[in-house]
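**Student:** My structure is stored as structure-v3.csv, with CSV, C-alpha atoms and all ligand atoms.
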chain,number,residue,atom,x,y,z
N,426,MET,CA,81.8,57.6,33.7
N,427,THR,CA,80.6,58.3,37.2
N,428,PRO,CA,76.9,59.2,37.8
N,429,LYS,CA,78.0,62.8,38.5
N,430,GLN,CA,79.8,63.0,35.1
N,431,ILE,CA,76.8,61.5,33.3
N,432,LEU,CA,74.5,64.1,34.9
N,433,LYS,CA,76.8,66.9,33.8
N,434,VAL,CA,76.6,65.7,30.2
N,435,VAL,CA,72.8,65.2,30.3
N,436,LYS,CA,72.4,68.8,31.6
N,437,LYS,CA,74.8,70.1,29.0
N,438,TYR,CA,72.6,68.7,26.2
N,439,THR,CA,69.1,69.0,27.7
N,440,THR,CA,67.5,72.2,26.4
N,441,GLU,CA,64.2,73.5,25.3
N,442,ARG,CA,65.3,72.7,21.7
N,443,CYS,CA,64.2,69.1,22.4
N,444,VAL,CA,60.6,70.2,22.2
N,445,GLU,CA,61.3,72.2,19.0
N,446,ALA,CA,63.0,69.3,17.3
N,447,MET,CA,60.0,67.0,18.1
N,448,ARG,CA,57.8,69.3,16.1
N,449,ASP,CA,60.0,68.6,13.0
N,450,GLY,CA,59.2,64.9,13.1
N,451,ARG,CA,60.0,61.6,14.8
N,452,PHE,CA,63.6,60.6,15.4
N,453,ALA,CA,65.4,57.4,16.1
N,454,THR,CA,69.1,56.9,16.9
N,455,ALA,CA,71.4,54.3,15.3
N,456,ILE,CA,74.9,53.3,16.4
N,457,ASN,CA,76.2,51.8,13.2
N,458,CYS,CA,79.6,50.9,11.6
N,459,ILE,CA,81.3,53.4,9.4
N,460,ASP,CA,81.1,50.8,6.6
N,461,GLY,CA,79.3,52.4,3.6
N,462,ARG,CA,77.6,49.1,2.7
N,463,VAL,CA,75.4,49.1,5.7
N,464,GLN,CA,74.2,52.7,5.9
N,465,VAL,CA,71.2,52.6,3.5
N,466,PRO,CA,69.8,49.2,4.7
N,467,VAL,CA,69.8,50.3,8.3
N,468,LEU,CA,68.3,53.8,7.6
N,469,GLU,CA,65.6,52.3,5.4
N,470,TRP,CA,64.8,49.5,7.9
N,471,ILE,CA,64.6,51.9,10.9
N,472,ARG,CA,62.5,54.5,9.1
N,473,PHE,CA,60.0,51.8,7.9
N,474,TYR,CA,59.8,49.5,11.0
N,475,LEU,CA,60.1,52.1,13.7
N,476,ASN,CA,57.9,54.6,11.8
N,477,VAL,CA,60.2,57.6,12.1
N,478,ASP,CA,61.1,60.5,9.9
N,479,TYR,CA,64.8,60.8,10.7
N,480,VAL,CA,67.6,58.6,11.9
N,481,ASP,CA,70.4,60.2,13.9
N,482,LEU,CA,73.6,58.3,13.0
N,483,ILE,CA,76.4,57.6,15.3
N,484,THR,CA,79.1,55.8,13.3
N,485,GLU,CA,82.1,53.9,14.7
N,486,PRO,CA,84.2,51.1,13.2
N,487,GLY,CA,82.8,47.9,14.7
N,488,PRO,CA,80.4,49.6,17.1
N,489,ASP,CA,79.4,46.4,18.9
N,490,LYS,CA,83.0,45.8,19.9
N,491,ALA,CA,83.5,49.6,20.6
N,492,ILE,CA,80.6,49.5,23.2
N,493,VAL,CA,81.5,46.2,24.8
N,494,SER,CA,85.3,46.4,24.9
N,495,GLY,CA,86.4,49.6,23.2
N,496,SER,CA,88.5,52.4,24.6
N,497,GLU,CA,87.0,54.6,27.3
N,498,ARG,CA,87.4,57.6,25.0
N,499,THR,CA,85.4,55.9,22.1
N,500,TYR,CA,82.8,54.6,24.5
N,501,ASN,CA,82.3,58.1,26.1
N,502,SER,CA,82.1,59.7,22.6
N,503,ILE,CA,79.3,57.3,21.6
N,504,PHE,CA,77.5,57.9,24.9
N,505,GLU,CA,77.6,61.6,24.6
N,506,LYS,CA,76.3,61.6,21.0
N,507,ALA,CA,73.5,59.3,22.1
N,508,ILE,CA,72.5,61.7,24.8
N,509,LEU,CA,72.5,64.6,22.3
N,510,SER,CA,70.2,62.6,20.0
N,511,VAL,CA,67.8,61.5,22.7
N,512,LYS,CA,67.7,64.6,24.8
N,513,ASN,CA,68.1,67.3,22.2
N,514,LEU,CA,66.4,65.8,19.2
N,515,GLY,CA,63.8,63.7,21.0
N,516,SER,CA,64.8,60.3,19.7
N,517,GLN,CA,62.6,57.5,21.0
N,518,SER,CA,64.9,54.5,20.3
N,519,ILE,CA,68.5,53.5,20.1
N,520,SER,CA,69.6,50.7,17.7
N,521,ILE,CA,73.0,49.1,18.0
N,522,VAL,CA,74.0,47.5,14.7
N,523,ALA,CA,76.6,44.9,13.7
N,524,HIS,CA,77.0,43.5,10.3
N,525,TYR,CA,78.3,40.6,8.1
N,526,ASP,CA,82.0,41.0,6.9
N,527,CYS,CA,82.8,43.8,9.3
N,528,ARG,CA,86.5,44.6,8.7
N,529,ALA,CA,86.8,46.6,11.9
N,530,ASN,CA,85.5,43.6,14.0
N,531,PRO,CA,86.2,40.5,12.0
N,532,VAL,CA,84.6,37.8,14.2
N,533,SER,CA,82.0,35.1,13.6
N,534,LYS,CA,78.3,35.9,13.4
N,535,GLU,CA,77.8,34.1,16.7
N,536,GLU,CA,80.3,36.4,18.4
N,537,HIS,CA,78.7,39.5,16.8
N,538,ILE,CA,75.3,38.3,18.1
N,539,GLU,CA,76.8,38.0,21.6
N,540,LEU,CA,78.3,41.5,21.3
N,541,ILE,CA,75.0,42.9,20.1
N,542,GLN,CA,73.2,41.4,23.1
N,543,SER,CA,75.9,42.7,25.5
N,544,SER,CA,75.7,46.1,23.8
N,545,VAL,CA,71.9,46.3,24.3
N,546,GLU,CA,72.4,45.4,28.0
N,547,ILE,CA,75.0,48.2,28.4
N,548,ILE,CA,72.8,50.7,26.6
N,549,GLU,CA,69.8,49.7,28.9
N,550,LYS,CA,72.0,50.7,31.8
N,551,TRP,CA,72.3,54.2,30.5
N,552,ARG,CA,68.6,54.5,31.5
N,553,PHE,CA,67.5,56.9,28.8
N,554,GLY,CA,64.0,55.5,29.0
N,555,VAL,CA,63.9,54.7,25.2
N,556,ARG,CA,63.4,51.5,23.2
N,557,ILE,CA,66.6,49.7,22.5
N,558,LEU,CA,67.2,47.4,19.5
N,559,GLY,CA,70.1,45.1,18.6
N,560,LEU,CA,70.3,44.7,14.8
N,561,TRP,CA,72.3,42.4,12.6
N,562,VAL,CA,72.8,43.2,8.9
N,563,ASN,CA,73.3,39.8,7.1
N,564,GLU,CA,75.3,38.9,4.0
N,565,TRP,CA,72.3,39.9,1.8
N,566,ARG,CA,72.2,43.3,3.6
N,567,TYR,CA,68.9,42.4,5.2
N,568,VAL,CA,68.3,43.6,8.8
N,569,GLU,CA,67.5,41.0,11.4
N,570,VAL,CA,66.3,41.9,14.9
N,571,ILE,CA,68.4,40.2,17.5
N,572,LYS,CA,67.0,42.0,20.5
N,573,ASP,CA,64.1,44.5,21.0
N,574,THR,CA,63.5,45.8,24.5
N,575,GLU,CA,59.9,46.8,23.6
N,576,LYS,CA,59.1,43.3,22.5
N,577,GLU,CA,60.5,41.9,25.7
N,578,TYR,CA,58.3,44.2,27.8
N,579,GLN,CA,55.3,43.2,25.8
N,580,ARG,CA,56.1,39.5,26.3
N,581,GLN,CA,56.4,40.1,30.0
N,582,ASP,CA,53.0,41.9,30.0
N,583,ARG,CA,51.4,38.9,28.3
N,584,ILE,CA,52.7,36.5,30.9
N,585,TRP,CA,50.9,38.5,33.6
D,1,ZN,ZN,81.9,47.2,10.0
Kindly present the structure from the file in structure tokens form.
Ligand SMILES: [Zn+2]
**Tutor:**
Amino acid sequence: MTPKQILKVVKKYTTERCVEAMRDGRFATAINCIDGRVQVPVLEWIRFYLNVDYVDLITEPGPDKAIVSGSERTYNSIFEKAILSVKNLGSQSISIVAHYDCRANPVSKEEHIELIQSSVEIIEKWRFGVRILGLWVNEWRYVEVIKDTEKEYQRQDRIW
């Protein structure tokens, strides 16, 4: 997408309803696999650890692969939904999730971790100004944090 196209989408979804939605509670966004096994663990983890009331779900088979090397159509669809969630519902974070035994993206854990890291870097370039997390759901359906931009910034602060 060109910057002009991005701006057009942002304008389309940015309304006063953003403020209204924030009154309803705190929102987070999760880009997760369609796989039913990973919905509840991710929802519960995000609600607890990010201290939010609601999680906006964007589901896509093998979302780490979809963001890094998926079709333009799929990528744009995820991007537009993320804008809707951040701008219209006031979400403060975006989590990109990959999981063990993903049938849509059957690669090794190491490859998933690399894809998660690349996905976080791509999402950072969207410049939504929100916290971005890369999460891995392991074989016991526990959520592991692979990357957390807020923690990185904190670490940088400590160095100075
Ligand atoms: Zn999957």
**Student:** If you count all atoms listed in the file, which residues end up within 6 Å of ligand ZN 1 (chain D), as a PyMOL selection string?
**Tutor:** chain N and resi 458+460+486-487+527-529
**Student:** So, counting all atoms listed in the file, which residue among N:Met426, N:Ile456, N:Val463, N:Ile471 is closest to Val545 in chain N?
**Tutor:**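 The shortest atom-to-atom distance to Val545 in chain N comes from N:Ile456.
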**Student:** For Glu569 in chain N, which residue out of N:Leu514, N:Ala507, N:Val477, N:Val522 is the nearest one, using only C-alpha atoms?
**Tutor:** N:Val522
**Student:** What does the distance from CA of Val568 in chain N to CA of His524 in chain N come to in Å, to one decimal?
**Tutor:**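 Value for the CA of Val568 in chain N-CA of His524 in chain N distance: 8.8 Å.
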**Student:** I'd like the interatomic distance between CA of Gly515 in chain N and CA of Asn476 in chain N, to a tenth of an Å.
**Tutor:**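 Between these atoms lies a distance of 14.2 Å.
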**Student:** Rank nothing, just name the residue among N:Gln542, N:Asn501, N:Asn563, N:Ser496 nearest to Thr427 in chain N, using all atoms listed in the file.
**Tutor:** N:Asn501
